[in-house]
file my_file-v7.txt (compact mmCIF, C-alpha atoms and all ligand atoms)
# COMPACT_ATOMS: atom_id res chain seq x y z
CA MET A 87 0.00 0.00 0.00
CA ALA A 88 2.84 2.39 0.82
CA GLY A 89 4.25 1.71 -2.65
CA ARG A 90 0.93 2.44 -4.34
CA LEU A 91 0.46 5.66 -2.36
CA ASP A 92 3.94 6.73 -3.37
CA GLU A 93 3.32 5.91 -7.04
CA ALA A 94 0.09 7.97 -7.02
CA ARG A 95 1.89 10.92 -5.48
CA ARG A 96 4.77 10.76 -7.94
CA HIS A 97 2.23 10.83 -10.77
CA THR A 98 0.48 13.88 -9.32
CA LEU A 99 3.75 15.75 -8.89
CA LYS A 100 4.86 14.79 -12.40
CA LEU A 101 1.82 16.60 -13.82
CA VAL A 102 2.60 19.87 -12.04
CA GLU A 103 6.39 19.74 -12.25
CA PRO A 104 6.69 21.95 -15.39
CA LEU A 105 4.49 24.72 -13.94
CA THR A 106 5.53 28.07 -12.54
CA HIS A 107 4.12 29.42 -9.25
CA GLU A 108 2.02 31.81 -11.27
CA GLN A 109 0.52 28.96 -13.30
CA LEU A 110 -0.15 26.90 -10.17
CA ASN A 111 -2.00 29.77 -8.50
CA ARG A 112 -3.87 31.04 -11.53
CA VAL A 113 -7.62 30.62 -12.01
CA TYR A 114 -7.96 29.68 -15.68
CA ASP A 115 -11.67 29.06 -15.63
CA PRO A 116 -14.28 29.59 -12.90
CA ILE A 117 -15.44 25.98 -13.29
CA LEU A 118 -11.98 24.64 -12.44
CA SER A 119 -9.93 25.03 -9.25
CA PRO A 120 -6.45 26.51 -9.45
CA LEU A 121 -4.00 23.59 -9.42
CA ILE A 122 -2.58 24.69 -6.10
CA TRP A 123 -5.99 24.05 -4.49
CA ASP A 124 -6.07 20.49 -5.85
CA LEU A 125 -2.64 19.76 -4.36
CA GLY A 126 -3.59 20.99 -0.90
CA HIS A 127 -6.97 19.27 -1.10
CA ILE A 128 -5.44 15.89 -2.02
CA ALA A 129 -3.24 16.05 1.09
CA ASN A 130 -6.05 17.41 3.27
CA PHE A 131 -8.41 14.58 2.25
CA GLU A 132 -5.67 12.11 3.17
CA GLU A 133 -5.15 13.83 6.51
CA LEU A 134 -8.86 13.87 7.27
CA TRP A 135 -9.55 10.20 6.50
CA LEU A 136 -6.26 8.55 7.38
CA VAL A 137 -4.46 10.63 9.95
CA GLN A 138 -7.46 11.99 11.85
CA ARG A 139 -10.27 9.48 11.32
CA ILE A 140 -8.29 6.21 11.28
CA GLY A 141 -5.14 7.30 13.15
CA GLY A 142 -7.00 9.40 15.76
CA ARG A 143 -4.42 12.21 15.50
CA GLU A 144 -4.85 15.96 15.49
CA PRO A 145 -4.47 17.70 12.10
CA LEU A 146 -1.15 19.41 11.32
CA ARG A 147 -3.06 22.67 10.84
CA GLY A 148 -6.61 22.72 12.14
CA ASP A 149 -7.72 25.61 9.95
CA LEU A 150 -7.12 23.86 6.64
CA GLY A 151 -10.05 21.44 6.66
CA GLU A 152 -12.60 24.11 5.92
CA LEU A 153 -10.60 25.62 3.04
CA TYR A 154 -10.24 22.30 1.27
CA ASP A 155 -13.80 21.10 1.74
CA ALA A 156 -15.00 20.55 -1.85
CA ILE A 157 -18.66 20.99 -0.91
CA GLU A 158 -18.17 24.12 1.23
CA GLN A 159 -15.88 25.86 -1.24
CA PRO A 160 -17.24 26.07 -4.78
CA ARG A 161 -14.64 26.02 -7.54
CA LYS A 162 -15.15 29.63 -8.57
CA ILE A 163 -13.96 31.02 -5.22
CA ARG A 164 -11.10 28.60 -4.52
CA GLY A 165 -8.51 30.94 -6.06
CA GLU A 166 -9.29 33.64 -3.48
CA LEU A 167 -9.13 31.46 -0.37
CA PRO A 168 -6.18 31.76 2.02
CA ILE A 169 -5.01 28.29 0.94
CA LEU A 170 -1.45 27.01 1.05
CA ARG A 171 0.59 28.52 -1.77
CA ALA A 172 3.42 27.04 -3.80
CA ASP A 173 6.18 26.97 -1.17
CA GLU A 174 3.87 25.83 1.66
CA VAL A 175 1.93 23.11 -0.07
CA ARG A 176 4.75 20.60 -0.63
CA PRO A 177 5.88 20.57 3.03
CA TYR A 178 2.21 20.03 4.02
CA MET A 179 1.81 17.17 1.52
CA ASP A 180 5.03 15.57 2.78
CA GLY A 181 4.08 16.10 6.44
CA VAL A 182 0.71 14.43 6.00
CA ARG A 183 2.23 11.56 4.06
CA GLU A 184 4.78 10.89 6.80
CA ARG A 185 1.97 10.55 9.34
CA THR A 186 -0.13 8.46 6.96
CA LEU A 187 2.72 5.97 6.73
CA GLU A 188 3.00 5.91 10.54
CA VAL A 189 -0.71 5.12 10.79
CA LEU A 190 -0.33 2.49 8.07
CA ARG A 191 2.35 0.74 10.12
CA GLU A 192 0.19 0.75 13.28
CA ILE A 193 -3.18 -0.18 11.94
CA GLU A 194 -4.81 -3.62 11.71
CA LEU A 195 -7.21 -3.94 8.79
CA ASP A 196 -10.16 -4.96 10.97
CA PRO A 197 -12.60 -6.87 8.71
CA GLU A 198 -15.48 -5.81 10.99
CA ASP A 199 -14.87 -2.11 10.35
CA PRO A 200 -16.31 -1.20 6.93
CA LEU A 201 -13.76 1.60 6.49
CA LEU A 202 -10.89 -0.81 7.04
CA ALA A 203 -12.19 -4.09 5.62
CA ASP A 204 -10.21 -4.96 2.46
CA GLY A 205 -8.30 -1.68 2.98
CA PHE A 206 -11.33 0.37 1.82
CA VAL A 207 -10.11 3.71 3.13
CA TYR A 208 -6.73 3.31 1.42
CA GLU A 209 -8.35 2.39 -1.88
CA MET A 210 -10.61 5.42 -1.51
CA LEU A 211 -7.61 7.64 -0.91
CA LEU A 212 -5.83 6.33 -4.01
CA ALA A 213 -8.96 6.69 -6.15
CA HIS A 214 -9.39 10.24 -4.86
CA GLU A 215 -5.88 11.23 -5.87
CA TYR A 216 -6.27 9.52 -9.27
CA GLN A 217 -9.53 11.35 -9.91
CA HIS A 218 -8.03 14.70 -8.98
CA ASN A 219 -5.27 14.04 -11.49
CA GLU A 220 -7.96 13.98 -14.15
CA THR A 221 -9.49 17.31 -13.11
CA MET A 222 -5.97 18.72 -13.03
CA LEU A 223 -5.50 17.50 -16.61
CA GLN A 224 -8.71 19.31 -17.59
CA LEU A 225 -7.10 22.52 -16.45
CA LEU A 226 -3.72 21.68 -18.00
CA GLN A 227 -5.44 21.70 -21.42
CA MET A 228 -5.75 25.47 -20.91
CA VAL A 229 -2.15 26.10 -19.84
CA GLU A 230 -0.13 27.67 -22.61
CA SER A 231 3.20 26.06 -23.47
CA TYR A 232 2.66 23.19 -21.03
CA GLU A 233 5.38 20.62 -21.70
CA PRO A 234 4.65 17.25 -20.07
CA VAL A 235 7.55 15.62 -18.24
CA GLU A 236 6.72 12.30 -19.85
CA VAL A 237 4.60 11.37 -22.87
CA ASP A 238 3.51 7.86 -23.86
CA GLY A 239 3.25 7.80 -27.66
CA ALA A 240 2.14 4.17 -27.94
CA PRO A 241 -1.66 4.72 -28.07
CA ALA A 242 -1.36 7.11 -31.04
CA ALA A 243 0.42 4.38 -33.00
CA GLU A 244 -2.23 1.69 -32.35
CA GLN A 245 -3.61 -0.09 -35.43
CA VAL A 246 -7.10 0.81 -36.61
CA SER A 247 -9.36 -2.21 -37.10
CA ASP A 248 -12.08 -2.74 -39.66
CA GLY A 249 -15.55 -3.87 -38.73
CA PRO A 250 -19.23 -3.05 -38.88
CA GLU A 251 -20.40 0.41 -37.85
CA MET A 252 -22.62 -1.06 -35.12
CA VAL A 253 -22.67 -4.34 -33.23
CA ARG A 254 -25.64 -6.17 -31.75
CA VAL A 255 -26.08 -6.82 -28.04
CA GLU A 256 -28.41 -9.60 -26.99
CA GLY A 257 -31.24 -8.48 -24.71
CA GLY A 258 -32.56 -10.24 -21.64
CA ALA A 259 -31.80 -10.17 -17.93
CA HIS A 260 -28.31 -8.90 -17.15
CA GLU A 261 -26.55 -7.91 -13.95
CA ILE A 262 -24.91 -4.51 -13.59
CA GLY A 263 -23.10 -2.72 -10.79
CA ALA A 264 -20.25 -3.73 -8.49
CA GLY A 265 -20.43 -6.90 -6.41
CA PRO A 266 -19.87 -6.85 -2.64
CA LYS A 267 -16.14 -7.72 -2.84
CA GLY A 268 -13.31 -5.35 -3.69
CA PHE A 269 -13.24 -1.58 -3.89
CA ALA A 270 -16.08 0.31 -5.57
CA TYR A 271 -17.94 3.51 -4.82
CA ASP A 272 -21.31 3.43 -3.09
CA ASN A 273 -23.10 4.57 -6.28
CA GLU A 274 -21.98 1.38 -8.11
CA ARG A 275 -23.72 -0.83 -5.54
CA PRO A 276 -25.60 -3.01 -5.10
CA ARG A 277 -25.14 -5.22 -8.14
CA HIS A 278 -28.61 -5.80 -9.50
CA ARG A 279 -30.60 -7.21 -12.37
CA VAL A 280 -31.66 -5.12 -15.33
CA ASP A 281 -33.78 -6.17 -18.27
CA VAL A 282 -32.71 -4.71 -21.58
CA ALA A 283 -34.16 -5.26 -25.04
CA THR A 284 -31.74 -6.33 -27.78
CA PHE A 285 -29.99 -3.19 -29.06
CA LEU A 286 -27.22 -1.97 -31.33
CA ILE A 287 -24.19 0.00 -30.25
CA ASP A 288 -21.47 1.74 -32.26
CA ARG A 289 -18.39 -0.46 -32.52
CA THR A 290 -16.09 2.55 -32.01
CA PRO A 291 -16.41 6.00 -30.46
CA VAL A 292 -17.70 8.72 -32.82
CA THR A 293 -14.82 10.21 -34.83
CA ASN A 294 -13.87 13.81 -35.50
CA GLU A 295 -14.63 13.10 -39.17
CA ALA A 296 -18.25 12.20 -38.40
CA TYR A 297 -18.57 15.12 -36.01
CA ILE A 298 -17.28 17.55 -38.67
CA SER A 299 -20.03 16.33 -41.05
CA PHE A 300 -22.55 17.00 -38.26
CA ILE A 301 -21.39 20.55 -37.56
CA GLU A 302 -21.03 21.42 -41.25
CA GLU A 303 -24.54 20.19 -41.97
CA THR A 304 -26.34 21.56 -38.92
CA GLY A 305 -24.30 24.61 -37.96
CA ALA A 306 -23.76 23.15 -34.48
CA GLU A 307 -20.94 24.53 -32.32
CA PRO A 308 -17.57 22.80 -32.73
CA PRO A 309 -16.11 20.92 -29.73
CA MET A 310 -14.25 22.92 -27.10
CA TYR A 311 -10.72 23.95 -28.24
CA TRP A 312 -11.59 23.87 -31.97
CA GLU A 313 -11.33 26.81 -34.37
CA ARG A 314 -11.58 27.33 -38.12
CA ASP A 315 -8.18 27.21 -39.78
CA GLY A 316 -9.12 29.92 -42.28
CA GLU A 317 -9.19 27.46 -45.19
CA GLY A 318 -12.38 25.62 -44.40
CA GLY A 319 -10.78 23.09 -42.07
CA TRP A 320 -10.47 22.83 -38.31
CA VAL A 321 -7.59 23.18 -35.87
CA ARG A 322 -7.48 22.37 -32.21
CA THR A 323 -5.44 24.20 -29.56
CA ALA A 324 -4.66 22.49 -26.27
CA MET A 325 -1.76 23.05 -23.85
CA GLY A 326 -0.77 25.95 -26.08
CA ARG A 327 -0.21 23.80 -29.17
CA THR A 328 -2.32 24.19 -32.30
CA GLU A 329 -2.76 21.12 -34.50
CA GLU A 330 -4.98 20.15 -37.38
CA VAL A 331 -7.97 18.14 -36.21
CA ASP A 332 -7.21 14.49 -36.97
CA PRO A 333 -10.33 12.97 -38.58
CA ARG A 334 -9.49 9.46 -37.32
CA LEU A 335 -9.55 10.30 -33.62
CA PRO A 336 -12.59 10.06 -31.36
CA VAL A 337 -14.30 13.41 -30.89
CA ILE A 338 -13.62 14.79 -27.39
CA HIS A 339 -14.78 17.75 -25.25
CA VAL A 340 -18.42 17.71 -26.30
CA SER A 341 -21.36 18.35 -23.99
CA TRP A 342 -24.25 15.96 -23.35
CA GLU A 343 -26.51 18.28 -25.31
CA GLU A 344 -24.15 18.12 -28.28
CA ALA A 345 -23.76 14.35 -27.96
CA ASP A 346 -27.51 13.89 -27.88
CA ALA A 347 -27.97 16.19 -30.90
CA PHE A 348 -25.26 14.30 -32.80
CA ALA A 349 -26.91 10.96 -32.09
CA ARG A 350 -30.29 12.20 -33.34
CA TRP A 351 -28.67 13.67 -36.45
CA ALA A 352 -27.06 10.28 -37.10
CA GLY A 353 -30.47 8.59 -36.79
CA LYS A 354 -29.42 6.98 -33.53
CA ARG A 355 -29.63 7.73 -29.79
CA LEU A 356 -27.33 7.70 -26.76
CA PRO A 357 -27.18 4.38 -24.90
CA THR A 358 -28.87 4.10 -21.53
CA GLU A 359 -26.54 3.40 -18.63
CA PRO A 360 -27.57 -0.26 -18.32
CA GLU A 361 -27.12 -0.73 -22.07
CA TRP A 362 -23.65 0.78 -21.89
CA GLU A 363 -22.59 -1.51 -19.05
CA VAL A 364 -24.03 -4.62 -20.69
CA ALA A 365 -22.20 -3.76 -23.95
CA ALA A 366 -18.96 -3.21 -22.02
CA ALA A 367 -18.90 -6.73 -20.55
CA GLY A 368 -15.54 -8.33 -21.24
CA ALA A 369 -13.66 -5.04 -21.71
CA ASN A 370 -9.96 -5.21 -20.87
CA ARG A 371 -8.53 -2.14 -19.18
CA ASP A 372 -4.99 -3.29 -19.87
CA ARG A 373 -5.67 -2.93 -23.60
CA ALA A 374 -7.03 0.61 -23.49
CA ASN A 375 -5.74 4.17 -23.78
CA LEU A 376 -5.70 5.12 -20.08
CA ASP A 377 -3.28 6.47 -17.49
CA GLU A 378 -2.86 10.12 -18.47
CA LEU A 379 0.46 10.12 -20.26
CA SER A 380 -0.68 9.77 -23.88
CA PHE A 381 -2.08 13.32 -23.72
CA GLY A 382 -4.57 12.44 -26.44
CA CYS A 383 -6.70 9.74 -28.03
CA ALA A 384 -5.83 6.61 -29.98
CA PRO A 385 -7.53 6.42 -33.40
CA ALA A 386 -11.10 5.13 -33.37
CA GLY A 387 -10.99 1.36 -33.93
CA ALA A 388 -7.75 0.81 -32.01
CA TYR A 389 -7.33 -1.95 -29.41
CA ALA A 390 -9.51 -4.41 -31.34
CA ASP A 391 -7.72 -7.24 -29.52
CA GLY A 392 -9.19 -5.89 -26.28
CA CYS A 393 -12.77 -5.69 -27.56
CA THR A 394 -15.79 -6.48 -25.41
CA SER A 395 -17.88 -9.64 -25.77
CA CYS A 396 -20.21 -7.90 -28.25
CA GLY A 397 -17.27 -6.71 -30.38
CA ALA A 398 -17.16 -3.03 -29.36
CA VAL A 399 -13.71 -1.45 -29.02
CA GLN A 400 -12.38 1.33 -26.77
CA MET A 401 -15.27 1.18 -24.33
CA LEU A 402 -12.63 1.79 -21.66
CA GLY A 403 -10.20 4.64 -22.19
CA ASP A 404 -9.84 7.40 -24.80
CA VAL A 405 -13.07 9.35 -24.10
CA TRP A 406 -15.76 9.24 -21.42
CA GLU A 407 -19.00 8.29 -23.15
CA TRP A 408 -22.20 10.17 -22.41
CA THR A 409 -25.25 8.03 -21.67
CA SER A 410 -28.89 9.10 -21.88
CA SER A 411 -29.36 8.34 -18.17
CA ASP A 412 -29.70 10.69 -15.21
CA PHE A 413 -27.42 10.01 -12.24
CA THR A 414 -29.71 8.16 -9.84
CA ALA A 415 -29.37 5.63 -7.02
CA TYR A 416 -29.43 1.92 -7.76
CA PRO A 417 -32.22 0.01 -5.98
CA GLY A 418 -31.04 -0.69 -2.42
CA PHE A 419 -28.36 2.07 -2.49
CA ALA A 420 -26.69 2.94 0.81
CA ALA A 421 -24.42 5.99 1.14
CA PHE A 422 -20.89 5.00 2.22
CA PRO A 423 -18.68 6.37 3.63
CA TYR A 424 -20.11 9.88 3.20
CA PRO A 425 -23.22 11.18 1.39
CA GLU A 426 -21.27 13.97 -0.31
CA TYR A 427 -19.49 11.56 -2.64
CA SER A 428 -22.55 10.70 -4.68
CA GLU A 429 -25.88 10.81 -2.85
CA VAL A 430 -26.17 14.61 -2.87
CA PHE A 431 -25.84 14.56 -6.68
CA PHE A 432 -28.63 12.06 -7.37
CA GLY A 433 -31.61 13.37 -9.32
CA ASP A 434 -32.27 14.70 -12.81
CA THR A 435 -29.58 17.41 -12.85
CA TYR A 436 -26.60 15.28 -13.90
CA LYS A 437 -26.05 12.85 -16.77
CA VAL A 438 -23.91 9.75 -16.43
CA LEU A 439 -20.70 9.17 -18.37
CA ARG A 440 -18.96 5.82 -18.60
CA GLY A 441 -15.68 4.18 -19.50
CA GLY A 442 -12.92 6.65 -18.59
CA ALA A 443 -10.69 8.64 -20.91
CA TRP A 444 -6.99 8.85 -21.78
CA ALA A 445 -6.73 11.19 -18.77
CA THR A 446 -8.13 8.59 -16.34
CA ARG A 447 -5.73 6.48 -14.31
CA ARG A 448 -5.96 2.82 -15.22
CA ASP A 449 -6.45 1.63 -11.65
CA VAL A 450 -9.56 3.72 -11.07
CA ILE A 451 -11.64 2.59 -14.02
CA ARG A 452 -13.89 -0.45 -14.31
CA THR A 453 -17.03 -1.18 -16.34
CA SER A 454 -19.27 -0.43 -13.33
CA PHE A 455 -17.66 2.99 -12.64
CA ARG A 456 -20.15 5.87 -12.89
CA ASN A 457 -19.09 9.43 -13.63
CA TRP A 458 -21.58 12.29 -13.83
CA ASP A 459 -21.69 15.90 -14.92
CA LEU A 460 -23.98 18.70 -16.02
CA PRO A 461 -25.33 18.26 -19.57
CA ILE A 462 -23.68 21.54 -20.67
CA ARG A 463 -20.16 20.66 -19.53
CA ARG A 464 -17.38 20.01 -22.02
CA GLN A 465 -14.10 20.76 -20.28
CA ILE A 466 -14.27 17.08 -19.27
CA PHE A 467 -12.79 14.42 -21.57
CA SER A 468 -16.17 13.50 -22.97
CA GLY A 469 -17.07 11.88 -26.27
CA ILE A 470 -19.86 9.91 -27.90
CA ARG A 471 -20.84 6.34 -28.71
CA CYS A 472 -24.33 5.97 -30.14
CA ALA A 473 -26.83 3.17 -29.72
CA GLY A 474 -29.88 2.13 -31.69
CA ASP A 475 -32.85 -0.16 -31.47
CA ASP A 476 -32.61 -3.60 -33.05
CA VAL A 477 -35.17 -3.52 -35.84
FE FE B 501 -11.76 15.75 -3.83

call {"tool": "encode", "arguments": {"input": "my_file-v7.txt", "output": "structure tokens", "more": "lines below"}}
Ligand SMILES: [Fe+2]
result
Amino acid sequence: MAGRLDEARRHTLKLVEPLTHEQLNRVYDPILSPLIWDLGHIANFEELWLVQRIGGREPLRGDLGELYDAIEQPRKIRGELPILRADEVRPYMDGVRERTLEVLREIELDPEDPLLADGFVYEMLLAHEYQHNETMLQLLQMVESYEPVEVDGAPAAEQVSDGPEMVRVEGGAHEIGAGPKGFAYDNERPRHRVDVATFLIDRTPVTNEAYISFIEETGAEPPMYWERDGEGGWVRTAMGRTEEVDPRLPVIHVSWEEADAFARWAGKRLPTEPEWEVAAAGANRDRANLDELSFGCAPAGAYADGCTSCGAVQMLGDVWEWTSSDFTAYPGFAAFPYPEYSEVFFGDTYKVLRGGAWATRRDVIRTSFRNWDLPIRRQIFSGIRCAGDDV
């Protein structure tokens, strides 16, 4: 566990290593925290759950908890809070980690304590840091002249496979959600039966090429970060670099509203959440563009050797896929370990996304993992895979 915590931290620090103090402190967009807030918050969450709650110790600085409370402090005001700044945040992160490791050495993983059984609280801590890496990467898209410390070029070179546009998924009674064993979030439980009619699902994510046809024909807005190149084509600017839009790549940074409009234009629809999870059965996260360091998508149709049982590719990795479903509780849901992770978001305000993106750490994604966001959001790494009825 100490090794995994260390690996997660090294990854986080790798992402921010090229940044100046000014870039760390800067508010690039009111819907995203300054990166310096994320760093302090990651350590504060660890202190709260591990050092205080499990280890029974006093916090290093009692006043920090309130500043790093994600519910109390909305993103748009985080830049103005008296949070730890660049030269204070690293000593705090290191100080918390030292005490976490002390607690780790002392503690027995009591199987009767739900926070400790199977190391739940440690897995939660890792998942939390991994997930913050992804929100940090959302912001890094907006940082001019950002030069990653390390880039993995392998996904871009993956072979594109041939196959039908859509594949068929057999209907009937299926089980979705996470079983009782192993780490999962409360919103993925309990595993339960769903009945789905036979349906079709796109074999690959929707490409930039298809999305360009849609915007040219309907006058819809281009995805976030796109601009006209002056000659009738499209360029995309991220991390300060402008490149021609590659028609072979999955479209990314589109809102739910845009995804839904695209699907209708294509004579299709978005999959429901149960349909998505049924279609994703058999997906292999080791053959997927995940783990942050590719800094972009693999071409649509890549990773055909890691396809799901129905023959769909890239259901994990590359782009989060919007579903038609609202983020709601599964039957028999119980909030654990705190209602602010998911329960407070249930309702008809948020739409569910599935499958993870290139910016998602491999260890956090699974076919039952549920992500959610507002239907207008597109700073997230969101794309489209359409479904259709079997006629
Ligand atoms: Fe958080």

call {"tool": "atom_distance", "arguments": {"input": "my_file-v7.txt", "atom1": "atom CA of Asp180 of chain A", "atom2": "atom CA of Arg112 of chain A"}}
result
22.9 Å

call {"tool": "closest_residue", "arguments": {"input": "my_file-v7.txt", "among": "A:Arg350, A:His218, A:Arg96, A:Arg275", "to": "ligand FE 501 (chain B)", "atoms": "all atoms listed in the file"}}
result
A:His218

call {"tool": "residues_around", "arguments": {"input": "my_file-v7.txt", "residues": "Ala443 of chain A", "least_positions_apart": "2", "cutoff": "10 Å", "atoms": "all atoms listed in the file", "output": "VMD selection string"}}
result
chain A and resid 220 338 374 to 378 382 to 383 400 to 407 440 to 441 445 to 448 451 466 to 469

call {"tool": "write_last_selection", "arguments": {"input": "my_file-v7.txt", "atoms": "C-alpha atoms", "output": "short mmCIF file (atom, residue, chain, number, x, y, z; two decimals), in the frame of the given file"}}
result
data_model
loop_
_atom_site.label_atom_id
_atom_site.label_comp_id
_atom_site.auth_asym_id
_atom_site.auth_seq_id
_atom_site.Cartn_x
_atom_site.Cartn_y
_atom_site.Cartn_z
CA GLU A 220 -7.96 13.98 -14.15
CA ILE A 338 -13.62 14.79 -27.39
CA ALA A 374 -7.03 0.61 -23.49
CA ASN A 375 -5.74 4.17 -23.78
CA LEU A 376 -5.70 5.12 -20.08
CA ASP A 377 -3.28 6.47 -17.49
CA GLU A 378 -2.86 10.12 -18.47
CA GLY A 382 -4.57 12.44 -26.44
CA CYS A 383 -6.70 9.74 -28.03
CA GLN A 400 -12.38 1.33 -26.77
CA MET A 401 -15.27 1.18 -24.33
CA LEU A 402 -12.63 1.79 -21.66
CA GLY A 403 -10.20 4.64 -22.19
CA ASP A 404 -9.84 7.40 -24.80
CA VAL A 405 -13.07 9.35 -24.10
CA TRP A 406 -15.76 9.24 -21.42
CA GLU A 407 -19.00 8.29 -23.15
CA ARG A 440 -18.96 5.82 -18.60
CA GLY A 441 -15.68 4.18 -19.50
CA ALA A 445 -6.73 11.19 -18.77
CA THR A 446 -8.13 8.59 -16.34
CA ARG A 447 -5.73 6.48 -14.31
CA ARG A 448 -5.96 2.82 -15.22
CA ILE A 451 -11.64 2.59 -14.02
CA ILE A 466 -14.27 17.08 -19.27
CA PHE A 467 -12.79 14.42 -21.57
CA SER A 468 -16.17 13.50 -22.97
CA GLY A 469 -17.07 11.88 -26.27
#

call {"tool": "atom_distance", "arguments": {"input": "my_file-v7.txt", "atom1": "atom CA of Asp346 of chain A", "atom2": "atom CA of Glu363 of chain A"}}
result
18.4 Å

call {"tool": "closest_atom_pairs", "arguments": {"input": "my_file-v7.txt", "of": "segment 250-329 of chain A", "to": "segment 195-205 of chain A", "cutoff": "9 Å", "atoms": "all atoms listed in the file", "output": "CSV"}}
result
residue,atom,partner,partner_atom,distance
A:Lys267,CA,A:Asp204,CA,8.4
A:Gly268,CA,A:Asp204,CA,6.9
A:Phe269,CA,A:Asp204,CA,7.8

call {"tool": "residues_near_ligand", "arguments": {"input": "my_file-v7.txt", "ligand": "ligand FE 501 (chain B)", "cutoff": "10 Å", "atoms": "only C-alpha atoms and all ligand atoms", "output": "VMD selection string"}}
result
chain A and resid 124 to 125 127 to 132 154 to 157 211 213 to 218 221 427

call {"tool": "residues_around", "arguments": {"input": "my_file-v7.txt", "residues": "Gly387 of chain A", "least_positions_apart": "4", "cutoff": "6 Å", "atoms": "all atoms listed in the file", "output": "list in words"}}
result
Val246, Ser247 and Thr290 of chain A

call {"tool": "residues_around", "arguments": {"input": "my_file-v7.txt", "residues": "Glu251 of chain A", "least_positions_apart": "2", "cutoff": "9 Å", "atoms": "only C-alpha atoms", "output": "list of chain:residue names"}}
result
A:Gly249, A:Val253, A:Ile287, A:Asp288, A:Arg289, A:Thr290

call {"tool": "residues_around", "arguments": {"input": "my_file-v7.txt", "residues": "Ala415 of chain A", "least_positions_apart": "2", "cutoff": "10 Å", "atoms": "all atoms listed in the file", "output": "number ranges by chain"}}
result
A: 272-276, 412-413, 417-421, 428-429, 431-433

call {"tool": "atom_distance", "arguments": {"input": "my_file-v7.txt", "atom1": "atom CA of Cys396 of chain A", "atom2": "atom CA of Ala369 of chain A"}}
result
9.7 Å

call {"tool": "residues_near_point", "arguments": {"input": "my_file-v7.txt", "point": "(3.6, 13.7, -27.0)", "cutoff": "9 Å", "atoms": "only C-alpha atoms", "output": "JSON, numbers by chain"}}
result
{"A": [233, 234, 236, 237, 238, 239, 379, 380, 381, 382]}

call {"tool": "write_last_selection", "arguments": {"input": "my_file-v7.txt", "atoms": "C-alpha atoms", "output": "PDB file, in the frame of the given file"}}
result
ATOM      1  CA  GLU A 233       5.380  20.620 -21.700  1.00  0.00           C
ATOM      2  CA  PRO A 234       4.650  17.250 -20.070  1.00  0.00           C
ATOM      3  CA  GLU A 236       6.720  12.300 -19.850  1.00  0.00           C
ATOM      4  CA  VAL A 237       4.600  11.370 -22.870  1.00  0.00           C
ATOM      5  CA  ASP A 238       3.510   7.860 -23.860  1.00  0.00           C
ATOM      6  CA  GLY A 239       3.250   7.800 -27.660  1.00  0.00           C
ATOM      7  CA  LEU A 379       0.460  10.120 -20.260  1.00  0.00           C
ATOM      8  CA  SER A 380      -0.680   9.770 -23.880  1.00  0.00           C
ATOM      9  CA  PHE A 381      -2.080  13.320 -23.720  1.00  0.00           C
ATOM     10  CA  GLY A 382      -4.570  12.440 -26.440  1.00  0.00           C
TER      11      GLY A 382
END

call {"tool": "closest_residue", "arguments": {"input": "my_file-v7.txt", "among": "A:Glu295, A:Gln227, A:Gly353, A:Asp449", "to": "Glu93 of chain A", "atoms": "only C-alpha atoms"}}
result
A:Asp449

call {"tool": "residues_around", "arguments": {"input": "my_file-v7.txt", "residues": "segment 254-260 of chain A", "least_positions_apart": "5", "cutoff": "9 Å", "atoms": "all atoms listed in the file", "output": "PyMOL selection string"}}
result
chain A and resi 278-288+360-361+364-365+395-397+476

call {"tool": "closest_residue", "arguments": {"input": "my_file-v7.txt", "among": "A:Glu329, A:Asp149, A:Asp372, A:Glu133", "to": "Val207 of chain A", "atoms": "only C-alpha atoms"}}
result
A:Glu133

call {"tool": "closest_residue", "arguments": {"input": "my_file-v7.txt", "among": "A:Glu302, A:Asp173, A:Asp315, A:Asp92", "to": "Gly126 of chain A", "atoms": "all atoms listed in the file"}}
result
A:Asp173
